[in-house]
file my_file.cif (mmCIF, C-alpha atoms)
data_input
loop_
_atom_site.label_atom_id
_atom_site.label_comp_id
_atom_site.auth_asym_id
_atom_site.auth_seq_id
_atom_site.Cartn_x
_atom_site.Cartn_y
_atom_site.Cartn_z
CA MET A 13 0.00 0.00 0.00
CA LYS A 14 1.14 3.53 -0.78
CA ILE A 15 2.18 5.77 2.08
CA ARG A 16 -0.52 8.43 2.60
CA ILE A 17 0.80 11.94 3.26
CA LEU A 18 -1.23 15.04 4.13
CA ILE A 19 0.49 18.37 3.37
CA VAL A 20 -0.84 21.44 5.22
CA ASP A 21 0.35 24.92 4.21
CA ASP A 22 -1.58 28.14 3.65
CA GLU A 23 0.53 28.82 0.54
CA ILE A 24 -0.93 26.91 -2.42
CA SER A 25 2.32 27.19 -4.33
CA THR A 26 4.14 25.24 -1.61
CA THR A 27 1.54 22.47 -1.36
CA GLU A 28 1.41 22.05 -5.16
CA LEU A 29 5.18 21.97 -5.45
CA LEU A 30 5.54 19.31 -2.75
CA LYS A 31 2.60 17.31 -4.07
CA GLY A 32 4.01 17.17 -7.61
CA PHE A 33 7.43 16.11 -6.36
CA LEU A 34 6.22 13.47 -3.87
CA VAL A 35 3.65 11.89 -6.21
CA LYS A 36 6.56 11.13 -8.57
CA GLN A 37 8.29 9.37 -5.65
CA GLY A 38 5.33 7.00 -5.30
CA TYR A 39 3.52 8.59 -2.34
CA GLU A 40 -0.24 9.16 -2.13
CA ILE A 41 -0.54 12.90 -1.48
CA PHE A 42 -3.37 15.03 -0.05
CA THR A 43 -3.15 18.81 0.42
CA GLU A 44 -5.02 21.38 2.50
CA GLN A 45 -4.48 25.10 3.11
CA ASP A 46 -6.67 25.42 6.23
CA PRO A 47 -5.24 23.64 9.33
CA VAL A 48 -8.71 23.41 10.92
CA ILE A 49 -10.01 21.43 7.95
CA ALA A 50 -6.78 19.40 7.93
CA PHE A 51 -7.42 18.38 11.54
CA SER A 52 -10.91 17.19 10.55
CA LEU A 53 -9.39 15.10 7.74
CA ILE A 54 -6.95 13.44 10.15
CA ARG A 55 -9.78 12.74 12.57
CA ASP A 56 -11.85 11.05 9.86
CA GLN A 57 -9.14 9.36 7.77
CA GLN A 58 -5.93 7.42 8.22
CA PHE A 59 -2.66 9.10 7.23
CA ASP A 60 0.90 7.87 7.65
CA LEU A 61 2.55 11.30 7.66
CA LEU A 62 1.52 14.90 8.25
CA ILE A 63 3.75 17.60 6.71
CA SER A 64 2.75 20.95 8.20
CA ASP A 65 3.92 24.53 7.98
CA TYR A 66 4.86 26.27 11.24
CA ARG A 67 3.12 29.63 10.75
CA MET A 68 -0.47 29.49 9.48
CA PRO A 69 -3.70 31.47 10.04
CA ASN A 70 -6.60 30.08 12.13
CA MET A 71 -4.33 27.54 13.82
CA ASP A 72 -0.53 27.47 13.91
CA GLY A 73 1.54 24.35 13.36
CA LEU A 74 2.27 23.74 17.05
CA GLU A 75 -1.42 23.79 17.97
CA LEU A 76 -2.21 21.49 15.05
CA ILE A 77 0.46 19.00 16.20
CA LYS A 78 -0.88 18.94 19.75
CA LYS A 79 -4.46 18.37 18.61
CA VAL A 80 -3.41 15.67 16.13
CA ARG A 81 -1.36 13.84 18.78
CA GLU A 82 -4.45 13.63 21.01
CA ILE A 83 -6.36 11.64 18.39
CA ASP A 84 -3.48 9.82 16.65
CA PRO A 85 -0.43 9.15 18.83
CA VAL A 86 1.46 7.24 16.12
CA ILE A 87 1.07 9.39 12.99
CA ALA A 88 4.44 10.68 11.74
CA ILE A 89 4.68 14.49 11.74
CA LEU A 90 7.21 16.60 9.86
CA MET A 91 7.14 20.34 10.60
CA ILE A 92 8.44 22.87 8.08
CA SER A 93 9.58 26.22 9.42
CA ALA A 94 11.27 29.33 8.08
CA TYR A 95 12.62 29.91 11.60
CA GLY A 96 15.63 27.70 12.02
CA SER A 97 16.56 28.57 15.59
CA ILE A 98 17.30 25.93 18.24
CA GLU A 99 14.49 27.36 20.37
CA THR A 100 11.98 26.83 17.56
CA ALA A 101 13.23 23.29 16.94
CA VAL A 102 12.83 22.42 20.64
CA LYS A 103 9.25 23.78 20.64
CA ILE A 104 8.40 21.74 17.55
CA ILE A 105 9.78 18.47 18.92
CA LYS A 106 8.22 19.04 22.37
CA ALA A 107 4.84 19.61 20.73
CA GLY A 108 5.04 16.09 19.26
CA ALA A 109 6.65 16.39 15.83
CA SER A 110 8.78 13.48 14.62
CA ASP A 111 11.24 15.87 12.97
CA TYR A 112 11.45 19.32 11.35
CA LEU A 113 12.82 20.92 8.19
CA THR A 114 13.76 24.55 7.59
CA LYS A 115 12.84 26.64 4.58
CA PRO A 116 13.81 26.92 1.79
CA ILE A 117 13.01 23.23 1.39
CA ASP A 118 15.79 20.96 0.17
CA LEU A 119 13.89 18.20 -1.66
CA LYS A 120 16.64 15.60 -1.17
CA GLU A 121 16.66 16.31 2.56
CA LEU A 122 12.86 16.16 2.54
CA LEU A 123 12.95 12.59 1.18
CA ILE A 124 15.49 11.56 3.82
CA LEU A 125 13.36 13.02 6.62
CA ILE A 126 10.16 11.43 5.26
CA ASP A 127 11.85 7.99 5.36
CA LYS A 128 13.12 8.74 8.86
CA CYS A 129 9.66 9.83 10.11
CA ILE A 130 7.94 6.80 8.54
CA ASP A 131 10.51 4.49 10.16
CA LYS A 132 9.81 6.12 13.54
CA LYS A 133 6.08 5.56 13.05
CA ARG A 134 6.62 1.95 12.04
CA LEU A 135 8.73 1.38 15.16
CA MET A 136 6.07 2.99 17.37
CA VAL A 137 3.36 0.78 15.88
CA GLU A 138 5.51 -2.33 16.36
CA ASN A 139 6.20 -1.35 19.98
CA ILE A 140 2.50 -0.83 20.68
CA GLN A 141 1.66 -4.18 19.11
CA LEU A 142 4.43 -5.86 21.10
CA LYS A 143 3.14 -4.34 24.33
CA GLU A 144 -0.37 -5.58 23.53
CA ILE A 145 1.00 -9.06 22.89
CA LEU A 146 2.97 -8.99 26.14
CA GLN A 147 0.00 -7.69 28.08
CA GLU A 148 -2.11 -10.51 26.68
CA LYS A 149 0.62 -13.05 27.33
CA PHE A 150 1.28 -11.84 30.86
CA ARG A 151 -2.36 -11.22 31.77
CA PHE A 152 -2.31 -12.58 35.29
CA GLU A 153 -5.93 -11.79 36.04
CA ASN A 154 -6.08 -13.47 39.44
CA ILE A 155 -2.89 -11.86 40.74
CA VAL A 156 -4.27 -8.74 42.35
CA GLY A 157 -2.39 -5.80 43.83
CA ASN A 158 0.07 -3.06 43.06
CA SER A 159 2.40 -3.01 46.05
CA ALA A 160 6.14 -2.62 45.57
CA ALA A 161 6.71 -6.13 46.95
CA LEU A 162 4.24 -7.68 44.49
CA ASN A 163 5.53 -5.69 41.52
CA GLU A 164 9.09 -6.70 42.28
CA MET A 165 8.10 -10.36 42.39
CA MET A 166 6.02 -10.12 39.19
CA SER A 167 8.94 -8.49 37.40
CA VAL A 168 10.98 -11.65 38.07
CA VAL A 169 8.04 -13.84 37.01
CA GLN A 170 7.70 -12.05 33.66
CA ARG A 171 11.43 -12.21 32.95
CA VAL A 172 11.78 -15.91 33.70
CA ALA A 173 8.43 -17.09 32.30
CA SER A 174 9.53 -17.66 28.71
CA SER A 175 12.76 -19.43 29.67
CA GLN A 176 13.32 -23.11 30.38
CA ALA A 177 14.92 -22.40 33.77
CA THR A 178 13.87 -24.43 36.79
CA VAL A 179 12.00 -22.19 39.24
CA ILE A 180 11.42 -22.64 42.97
CA LEU A 181 8.69 -20.61 44.63
CA ARG A 182 9.45 -19.75 48.25
CA GLY A 183 6.95 -18.36 50.72
CA GLU A 184 4.57 -18.98 53.58
CA SER A 185 1.51 -21.15 53.19
CA GLY A 186 -1.34 -19.35 51.45
CA THR A 187 0.77 -16.75 49.62
CA GLY A 188 -0.36 -17.97 46.19
CA LYS A 189 2.48 -20.19 45.03
CA GLU A 190 0.18 -22.34 42.87
CA LEU A 191 -1.21 -19.22 41.23
CA ILE A 192 2.28 -17.99 40.36
CA ALA A 193 3.22 -21.44 39.04
CA LEU A 194 0.18 -21.31 36.76
CA ALA A 195 1.13 -17.79 35.62
CA LEU A 196 4.64 -18.99 34.77
CA TYR A 197 3.16 -21.82 32.72
CA GLN A 198 0.62 -19.64 30.91
CA ALA A 199 3.34 -17.17 29.89
CA SER A 200 5.77 -19.90 28.81
CA LYS A 201 6.52 -21.30 25.37
CA GLN A 202 4.87 -24.56 26.54
CA CYS A 203 1.53 -22.89 27.34
CA ASP A 204 -0.19 -25.14 24.78
CA LYS A 205 1.38 -28.25 26.33
CA PRO A 206 0.35 -30.13 29.53
CA PHE A 207 0.48 -28.49 32.95
CA VAL A 208 0.56 -31.13 35.69
CA LYS A 209 0.28 -30.34 39.41
CA VAL A 210 1.46 -32.63 42.20
CA SER A 211 1.12 -32.00 45.92
CA CYS A 212 4.09 -33.87 47.36
CA ALA A 213 2.66 -33.77 50.90
CA ALA A 214 -0.80 -35.03 49.96
CA LEU A 215 0.33 -38.61 49.29
CA PRO A 216 2.12 -41.13 51.52
CA GLN A 217 5.80 -41.22 50.60
CA SER A 218 5.42 -44.91 49.68
CA LEU A 219 3.02 -43.92 46.88
CA LEU A 220 4.59 -40.63 45.82
CA GLU A 221 7.36 -42.29 43.78
CA SER A 222 4.76 -44.25 41.82
CA GLU A 223 2.66 -41.07 41.39
CA LEU A 224 5.62 -39.16 39.95
CA PHE A 225 7.34 -41.82 37.87
CA GLY A 226 4.65 -44.44 37.28
CA HIS A 227 4.83 -48.22 37.79
CA ILE A 228 4.42 -51.50 35.98
CA LYS A 229 1.92 -54.23 36.72
CA GLY A 230 2.81 -56.32 39.78
CA SER A 231 5.54 -53.96 41.04
CA PHE A 232 3.74 -53.71 44.39
CA THR A 233 0.49 -54.77 46.03
CA GLY A 234 -2.38 -53.07 44.22
CA ALA A 235 -0.42 -52.43 41.00
CA ILE A 236 -2.91 -54.28 38.80
CA SER A 237 -1.78 -52.62 35.57
CA ASP A 238 0.93 -50.45 34.09
CA ARG A 239 0.52 -46.78 34.90
CA LYS A 240 2.21 -43.64 33.63
CA GLY A 241 3.48 -41.18 36.22
CA LYS A 242 3.02 -37.42 36.35
CA PHE A 243 6.35 -36.76 34.65
CA GLU A 244 5.25 -38.73 31.58
CA GLU A 245 1.89 -36.92 31.59
CA ALA A 246 3.75 -33.60 31.65
CA ASN A 247 6.16 -34.53 28.86
CA SER A 248 6.94 -31.52 26.61
CA GLY A 249 5.09 -29.33 29.10
CA THR A 250 5.41 -28.22 32.72
CA ILE A 251 5.19 -30.05 36.03
CA PHE A 252 4.54 -28.21 39.28
CA LEU A 253 5.76 -29.99 42.41
CA ASP A 254 4.18 -28.30 45.41
CA GLU A 255 5.64 -28.77 48.91
CA ILE A 256 8.85 -30.18 47.46
CA GLY A 257 10.48 -30.05 50.90
CA GLU A 258 8.33 -32.98 52.06
CA ILE A 259 9.63 -35.68 49.69
CA SER A 260 11.73 -38.55 51.01
CA LEU A 261 15.46 -38.91 50.36
CA THR A 262 14.77 -41.90 48.09
CA THR A 263 12.42 -39.88 45.89
CA GLN A 264 14.86 -36.96 45.99
CA THR A 265 17.53 -39.17 44.41
CA LYS A 266 15.24 -40.13 41.55
CA LEU A 267 14.13 -36.53 41.06
CA LEU A 268 17.77 -35.41 40.89
CA ARG A 269 18.33 -37.82 38.01
CA VAL A 270 15.35 -36.39 36.14
CA LEU A 271 16.80 -32.91 36.53
CA GLN A 272 20.26 -33.98 35.42
CA GLU A 273 19.57 -36.59 32.75
CA ARG A 274 15.91 -36.03 31.87
CA GLU A 275 15.24 -39.74 32.36
CA PHE A 276 13.97 -42.25 34.93
CA GLU A 277 12.52 -45.76 35.33
CA ARG A 278 8.99 -46.57 36.42
CA VAL A 279 8.68 -48.40 39.73
CA GLY A 280 9.46 -52.08 39.11
CA SER A 281 10.83 -51.49 35.62
CA ASN A 282 14.34 -51.44 34.12
CA GLU A 283 13.21 -49.59 31.02
CA THR A 284 14.43 -45.95 30.83
CA VAL A 285 11.85 -43.31 30.07
CA LYS A 286 13.04 -40.03 28.51
CA VAL A 287 11.13 -36.80 29.20
CA ASP A 288 11.45 -33.13 28.35
CA VAL A 289 9.73 -31.30 31.16
CA ARG A 290 10.08 -27.88 32.73
CA ILE A 291 10.05 -28.19 36.51
CA ILE A 292 8.53 -25.61 38.85
CA THR A 293 8.61 -26.37 42.56
CA ALA A 294 7.29 -24.66 45.67
CA THR A 295 7.89 -24.89 49.39
CA ASN A 296 7.17 -23.07 52.63
CA ARG A 297 9.97 -24.98 54.33
CA ASP A 298 13.45 -23.66 55.11
CA LEU A 299 15.34 -25.86 52.64
CA GLU A 300 18.71 -24.48 53.70
CA GLU A 301 18.06 -25.75 57.22
CA ALA A 302 16.79 -29.06 55.84
CA VAL A 303 20.07 -29.44 53.94
CA LYS A 304 22.05 -28.77 57.12
CA ILE A 305 20.24 -31.48 59.06
CA LYS A 306 20.55 -33.93 56.15
CA GLU A 307 16.81 -34.09 55.41
CA PHE A 308 17.22 -32.62 51.93
CA ARG A 309 19.95 -33.41 49.41
CA GLU A 310 22.32 -30.51 48.85
CA ASP A 311 22.89 -31.36 45.18
CA LEU A 312 19.13 -31.46 44.56
CA TYR A 313 18.70 -28.16 46.39
CA TYR A 314 21.14 -26.42 44.02
CA ARG A 315 19.47 -28.03 40.99
CA LEU A 316 16.07 -26.73 42.08
CA ASN A 317 17.28 -23.33 43.24
CA VAL A 318 18.20 -22.00 39.77
CA VAL A 319 15.66 -19.15 39.91
CA PRO A 320 14.16 -18.65 43.36
CA ILE A 321 11.08 -16.43 43.53
CA PHE A 322 10.09 -15.22 46.98
CA LEU A 323 6.38 -14.60 47.56
CA PRO A 324 5.83 -11.91 50.21
CA PRO A 325 3.30 -12.63 53.00
CA LEU A 326 0.17 -10.50 52.96
CA ARG A 327 1.24 -8.58 56.06
CA LYS A 328 4.25 -7.35 54.04
CA ARG A 329 2.04 -6.03 51.24
CA ARG A 330 -0.85 -4.39 53.10
CA GLU A 331 -1.46 -2.01 50.16
CA ASP A 332 -2.87 -5.02 48.31
CA ILE A 333 -5.43 -5.99 50.98
CA ILE A 334 -8.14 -3.57 49.81
CA PRO A 335 -7.80 -4.50 46.08
CA LEU A 336 -7.89 -8.18 47.08
CA ILE A 337 -11.03 -7.62 49.17
CA ASP A 338 -12.72 -5.91 46.19
CA HIS A 339 -11.61 -8.77 43.93
CA PHE A 340 -12.96 -11.46 46.26
CA ILE A 341 -16.24 -9.60 46.88
CA ASP A 342 -16.83 -9.40 43.14
CA ARG A 343 -15.85 -13.03 42.58
CA PHE A 344 -17.77 -14.65 45.42
CA SER A 345 -20.85 -12.46 44.96
CA LYS A 346 -21.18 -13.86 41.44
CA GLU A 347 -20.37 -17.42 42.48
CA ASN A 348 -22.94 -17.36 45.32
CA ASP A 349 -25.55 -15.31 43.45
CA ARG A 350 -25.46 -12.54 46.04
CA ILE A 351 -25.66 -8.77 45.54
CA ILE A 352 -22.97 -7.40 47.83
CA LYS A 353 -22.24 -3.71 47.22
CA GLY A 354 -19.19 -3.41 49.42
CA ILE A 355 -17.87 -3.40 52.96
CA THR A 356 -18.26 -1.00 55.89
CA LYS A 357 -15.38 1.23 56.97
CA GLU A 358 -15.23 -0.48 60.37
CA ALA A 359 -14.96 -3.96 58.84
CA LEU A 360 -12.41 -2.75 56.30
CA LYS A 361 -10.29 -1.18 59.04
CA ILE A 362 -10.21 -4.49 60.93
CA LEU A 363 -9.26 -6.47 57.82
CA VAL A 364 -6.48 -4.06 56.84
CA LYS A 365 -4.89 -4.25 60.31
CA TYR A 366 -5.17 -8.04 60.62
CA ASP A 367 -1.90 -9.98 60.13
CA TYR A 368 -3.27 -12.99 58.16
CA PRO A 369 -1.21 -15.95 59.35
CA GLY A 370 -2.94 -17.86 56.52
CA ASN A 371 -2.12 -15.10 54.02
CA ILE A 372 -4.22 -14.61 50.85
CA ARG A 373 -5.97 -17.95 51.27
CA GLU A 374 -7.20 -16.84 54.71
CA LEU A 375 -8.46 -13.49 53.36
CA GLU A 376 -10.19 -15.34 50.53
CA ASN A 377 -11.98 -17.63 53.00
CA ILE A 378 -12.94 -14.68 55.23
CA ILE A 379 -14.59 -12.81 52.34
CA GLU A 380 -16.36 -15.90 50.96
CA ARG A 381 -17.73 -16.69 54.43
CA ALA A 382 -18.86 -13.08 54.92
CA ILE A 383 -20.69 -13.03 51.58
CA VAL A 384 -22.45 -16.31 52.29
CA LEU A 385 -23.54 -15.25 55.79
CA ALA A 386 -24.16 -11.51 55.24
CA ARG A 387 -27.71 -10.44 56.07
CA ASP A 388 -27.37 -7.09 54.30
CA ASP A 389 -25.94 -6.03 50.96
CA VAL A 390 -22.82 -4.67 52.68
CA ILE A 391 -20.28 -6.71 54.67
CA SER A 392 -20.06 -5.46 58.25
CA VAL A 393 -18.04 -6.35 61.35
CA LYS A 394 -20.68 -8.88 62.46
CA ASP A 395 -20.08 -10.84 59.24
CA LEU A 396 -16.38 -11.35 60.03
CA PRO A 397 -15.16 -14.42 61.95
CA LEU A 398 -14.38 -14.14 65.67
CA THR A 399 -10.76 -15.08 65.01
CA VAL A 400 -10.38 -11.75 63.22
CA THR A 401 -12.58 -9.48 65.34
CA SER A 402 -11.37 -10.89 68.68
CA ASN A 403 -7.78 -10.44 67.56
CA HIS A 404 -8.61 -6.83 66.70
CA ASN A 405 -10.25 -6.27 70.08
CA GLU A 406 -7.24 -7.73 71.88
CA GLU A 407 -4.88 -5.49 69.96
CA GLU A 408 -7.04 -2.46 70.70
CA GLU A 409 -7.11 -3.42 74.37
CA LYS A 410 -3.33 -3.73 74.44
CA ARG A 411 -2.94 -0.35 72.78
CA ASN A 412 -5.45 1.32 75.07
CA LYS A 413 -4.37 -0.44 78.28
CA PRO A 414 -2.54 2.10 80.46
CA PHE A 415 1.09 1.12 80.61
CA LEU A 416 0.99 2.59 84.15
CA GLU A 417 -0.57 -0.68 85.34
CA LEU A 418 2.82 -2.27 84.88
CA MET A 419 4.48 0.28 87.18
CA THR A 420 4.59 0.91 90.91
CA LEU A 421 2.46 3.78 92.22
CA GLU A 422 5.54 5.91 92.71
CA GLU A 423 6.81 5.21 89.17
CA ALA A 424 3.38 5.96 87.72
CA GLU A 425 3.17 9.31 89.51
CA LYS A 426 6.66 10.29 88.32
CA THR A 427 5.81 9.33 84.75
CA LEU A 428 2.55 11.31 84.75
CA ILE A 429 4.31 14.41 86.08
CA ASP A 430 7.06 14.15 83.45
CA MET A 431 4.49 13.72 80.69
CA ALA A 432 2.45 16.72 81.83
CA LEU A 433 5.52 18.98 82.14
CA LYS A 434 6.77 17.90 78.70
CA LYS A 435 3.37 18.50 77.15
CA HIS A 436 3.18 22.05 78.55
CA SER A 437 6.85 22.91 77.93
CA GLY A 438 7.70 22.97 81.63
CA VAL A 439 4.95 25.46 82.61
CA GLN A 440 3.98 24.14 86.06
CA THR A 441 0.63 25.99 86.26
CA ARG A 442 -0.65 24.26 83.14
CA ALA A 443 0.88 20.92 84.09
CA ALA A 444 -0.79 21.02 87.50
CA LYS A 445 -4.14 21.80 85.89
CA GLU A 446 -3.64 18.85 83.52
CA LEU A 447 -2.94 16.57 86.49
CA GLY A 448 -5.86 17.89 88.55
CA ILE A 449 -3.69 19.06 91.47
CA SER A 450 -2.64 22.45 92.79
CA GLU A 451 0.54 24.10 91.58
CA ARG A 452 1.87 24.00 95.15
CA ALA A 453 1.32 20.24 95.35
CA LEU A 454 3.05 19.80 92.00
CA ARG A 455 6.09 21.78 93.13
CA TYR A 456 6.26 19.66 96.30
CA LYS A 457 6.15 16.41 94.29
CA ILE A 458 8.84 17.68 91.92
CA LYS A 459 10.99 18.60 94.92
CA ILE A 460 10.57 15.15 96.50
CA LYS A 461 11.29 13.49 93.16
CA THR A 462 14.45 15.56 92.69
CA GLU A 463 15.71 14.82 96.21
CA LYS A 464 15.24 11.07 95.69
CA THR A 465 17.07 11.25 92.43
CA VAL A 466 20.02 13.06 94.08
CA ASP A 467 20.08 10.49 96.91
#
call {"tool": "encode", "arguments": {"input": "my_file.cif", "output": "structure tokens"}}
result
Amino acid sequence: MKIRILIVDDEISTTELLKGFLVKQGYEIFTEQDPVIAFSLIRDQQFDLLISDYRMPNMDGLELIKKVREIDPVIAILMISAYGSIETAVKIIKAGASDYLTKPIDLKELLILIDKCIDKKRLMVENIQLKEILQEKFRFENIVGNSAALNEMMSVVQRVASSQATVILRGESGTGKELIALALYQASKQCDKPFVKVSCAALPQSLLESELFGHIKGSFTGAISDRKGKFEEANSGTIFLDEIGEISLTTQTKLLRVLQEREFERVGSNETVKVDVRIITATNRDLEEAVKIKEFREDLYYRLNVVPIFLPPLRKRREDIIPLIDHFIDRFSKENDRIIKGITKEALKILVKYDYPGNIRELENIIERAIVLARDDVISVKDLPLTVTSNHNEEEEKRNKPFLELMTLEEAEKTLIDMALKKHSGVQTRAAKELGISERALRYKIKIKTEKTVD
């Protein structure tokens, strides 16, 4: 397709000259003397390049550029000006022009600048398309929040997602490790291949090896037929091993071989099975400590720990609590066919201050329970579980409990006097009034206090 260029100049001789020259170069040229009409054309049609004069009646070139940029951020713009000062050039570029050319127009230079401006536009379009692709690829819809801790973690997730590197997700229970594992898979090159999840703590260790690597008929009691393991199911795709810190040393040895050689044998078989699987693991256990006490193989630890991603606990990303609450209210209202408009300030205050030992999973359960049990269309304090509200009341009680109860009577009196004097900048009349005693009595107490201190 021909490149479409709109030339705007109040001098007909200029527009006709440029049109005749550029048509011969293979461009599709449109001309207009009135910048207001030219703006309407750009609003209604698609142009690749705008060539505009700097000084024009009704609307000058700078104003035209600014208005055009508001409706078409990628159109290439070349400004022509008889004023070749640096100050003018800066104004033109700041207004949004791709480049500028001074009069009298050098036609060879014009062609060079047109190519340059079109290349800039092409690059901008490609960048926008790339961003759209990336946004679609990395659309982690269920990962909610905008805290610094979450953004830092997601930056690592996005950078490692398309690689083949082994990833280990570290964090407390309930921080969303499975969700991040799924995000890594969805943004990977194997997103159209199998994604297999295994909870290593959910099965007895005697059965876990068979679950992972499969078995042949008769290899143990109950093995009535050959069975593929999870690694074979995940072949060419991704396997997610949750709670990796709970596997036995025997299974660890076999897993190490898979990582090193990409092969294994089913339980009871001598036949080697080859697999090409990306491995993502997760644990809330201190693996370094487990290595020290010989409960986890050191060589396996280093094989798994290629790219560690640390998931912050919810108490370390409190900025995300309110967005998560909104997300869960919307989700569970739809799932439970309830119309819940929001949450009261009092209930929200309690939830924001709560420490969430169960992290996001606990908050999720709290909101789902509140929506199911809510009598009104707004979640209130009475809809929250006692574990949360009683904890809040205890904290409030601790904060409001006079620390003077922990002191002797004499220490309490001294502390109150010091506080009152400090509050009123040492003015004894005001301090005495604050304490509810006479100024004479205050002076006497200060005197006694001073004498005891000297003694």
call {"tool": "atom_distance", "arguments": {"input": "my_file.cif", "atom1": "atom CA of A:Pro320", "atom2": "atom CA of A:Ala294"}}
result
9.4 Å
call {"tool": "resolve_selection", "arguments": {"input": "my_file.cif", "expression": "the PyMOL selection byres ((chain A and resi 112) around 9)", "output": "ChimeraX atom specification"}}
result
/A:89-93,101,104-105,109-111,113-114,125
call {"tool": "residues_around", "arguments": {"input": "my_file.cif", "residues": "stretch 350-352 of chain A", "least_positions_apart": "4", "cutoff": "7 Å", "atoms": "all atoms listed in the file", "output": "list in words"}}
result
Ser345, Lys346, Asp389 and Val390 of chain A
call {"tool": "write_last_selection", "arguments": {"input": "my_file.cif", "atoms": "C-alpha atoms", "output": "PDB file, keeping the file's coordinate frame"}}
result
ATOM      1  CA  SER A 345     -20.850 -12.460  44.960  1.00  0.00           C
ATOM      2  CA  LYS A 346     -21.180 -13.860  41.440  1.00  0.00           C
ATOM      3  CA  ASP A 389     -25.940  -6.030  50.960  1.00  0.00           C
ATOM      4  CA  VAL A 390     -22.820  -4.670  52.680  1.00  0.00           C
TER       5      VAL A 390
END
call {"tool": "resolve_selection", "arguments": {"input": "my_file.cif", "expression": "the PyMOL selection byres ((chain A and resi 69-83) around 10)", "output": "ChimeraX atom specification"}}
result
/A:20-22,45-48,50-52,54-55,62-68,84-93,103-109
call {"tool": "atom_distance", "arguments": {"input": "my_file.cif", "atom1": "atom CA of A:Asn317", "atom2": "atom CA of A:Phe207"}}
result
20.4 Å
call {"tool": "atom_distance", "arguments": {"input": "my_file.cif", "atom1": "atom CA of A:Val364", "atom2": "atom CA of A:Thr295"}}
result
26.4 Å
call {"tool": "closest_residue", "arguments": {"input": "my_file.cif", "among": "A:Leu123, A:Val208, A:Ala444, A:Val400", "to": "A:Phe33", "atoms": "all atoms listed in the file"}}
result
A:Leu123
call {"tool": "resolve_selection", "arguments": {"input": "my_file.cif", "expression": "the PyMOL selection byres ((chain A and resi 173-179) around 7)", "output": "PyMOL selection string"}}
result
chain A and resi 169-172+180-181+196+199-201+290-293+316-320
call {"tool": "residues_near_point", "arguments": {"input": "my_file.cif", "point": "(14.6, -39.1, 34.3)", "cutoff": "10 Å", "atoms": "all atoms listed in the file", "output": "MDAnalysis selection string"}}
result
chainID A and resid 225 243:244 266:278 284:289
call {"tool": "write_last_selection", "arguments": {"input": "my_file.cif", "atoms": "C-alpha atoms", "output": "PDB file, keeping the file's coordinate frame"}}
result
ATOM      1  CA  PHE A 225       7.340 -41.820  37.870  1.00  0.00           C
ATOM      2  CA  PHE A 243       6.350 -36.760  34.650  1.00  0.00           C
ATOM      3  CA  GLU A 244       5.250 -38.730  31.580  1.00  0.00           C
ATOM      4  CA  LYS A 266      15.240 -40.130  41.550  1.00  0.00           C
ATOM      5  CA  LEU A 267      14.130 -36.530  41.060  1.00  0.00           C
ATOM      6  CA  LEU A 268      17.770 -35.410  40.890  1.00  0.00           C
ATOM      7  CA  ARG A 269      18.330 -37.820  38.010  1.00  0.00           C
ATOM      8  CA  VAL A 270      15.350 -36.390  36.140  1.00  0.00           C
ATOM      9  CA  LEU A 271      16.800 -32.910  36.530  1.00  0.00           C
ATOM     10  CA  GLN A 272      20.260 -33.980  35.420  1.00  0.00           C
ATOM     11  CA  GLU A 273      19.570 -36.590  32.750  1.00  0.00           C
ATOM     12  CA  ARG A 274      15.910 -36.030  31.870  1.00  0.00           C
ATOM     13  CA  GLU A 275      15.240 -39.740  32.360  1.00  0.00           C
ATOM     14  CA  PHE A 276      13.970 -42.250  34.930  1.00  0.00           C
ATOM     15  CA  GLU A 277      12.520 -45.760  35.330  1.00  0.00           C
ATOM     16  CA  ARG A 278       8.990 -46.570  36.420  1.00  0.00           C
ATOM     17  CA  THR A 284      14.430 -45.950  30.830  1.00  0.00           C
ATOM     18  CA  VAL A 285      11.850 -43.310  30.070  1.00  0.00           C
ATOM     19  CA  LYS A 286      13.040 -40.030  28.510  1.00  0.00           C
ATOM     20  CA  VAL A 287      11.130 -36.800  29.200  1.00  0.00           C
ATOM     21  CA  ASP A 288      11.450 -33.130  28.350  1.00  0.00           C
ATOM     22  CA  VAL A 289       9.730 -31.300  31.160  1.00  0.00           C
TER      23      VAL A 289
END
call {"tool": "closest_residue", "arguments": {"input": "my_file.cif", "among": "A:Ser211, A:Asn348, A:Ser222, A:Thr263", "to": "A:Asp238", "atoms": "only C-alpha atoms"}}
result
A:Ser222
call {"tool": "closest_residue", "arguments": {"input": "my_file.cif", "among": "A:Met136, A:Leu34, A:Ile383, A:Leu253", "to": "A:Lys120", "atoms": "only C-alpha atoms"}}
result
A:Leu34
call {"tool": "closest_residue", "arguments": {"input": "my_file.cif", "among": "A:Met166, A:Met13, A:Ala443, A:Val156", "to": "A:Ile334", "atoms": "all atoms listed in the file"}}
result
A:Val156
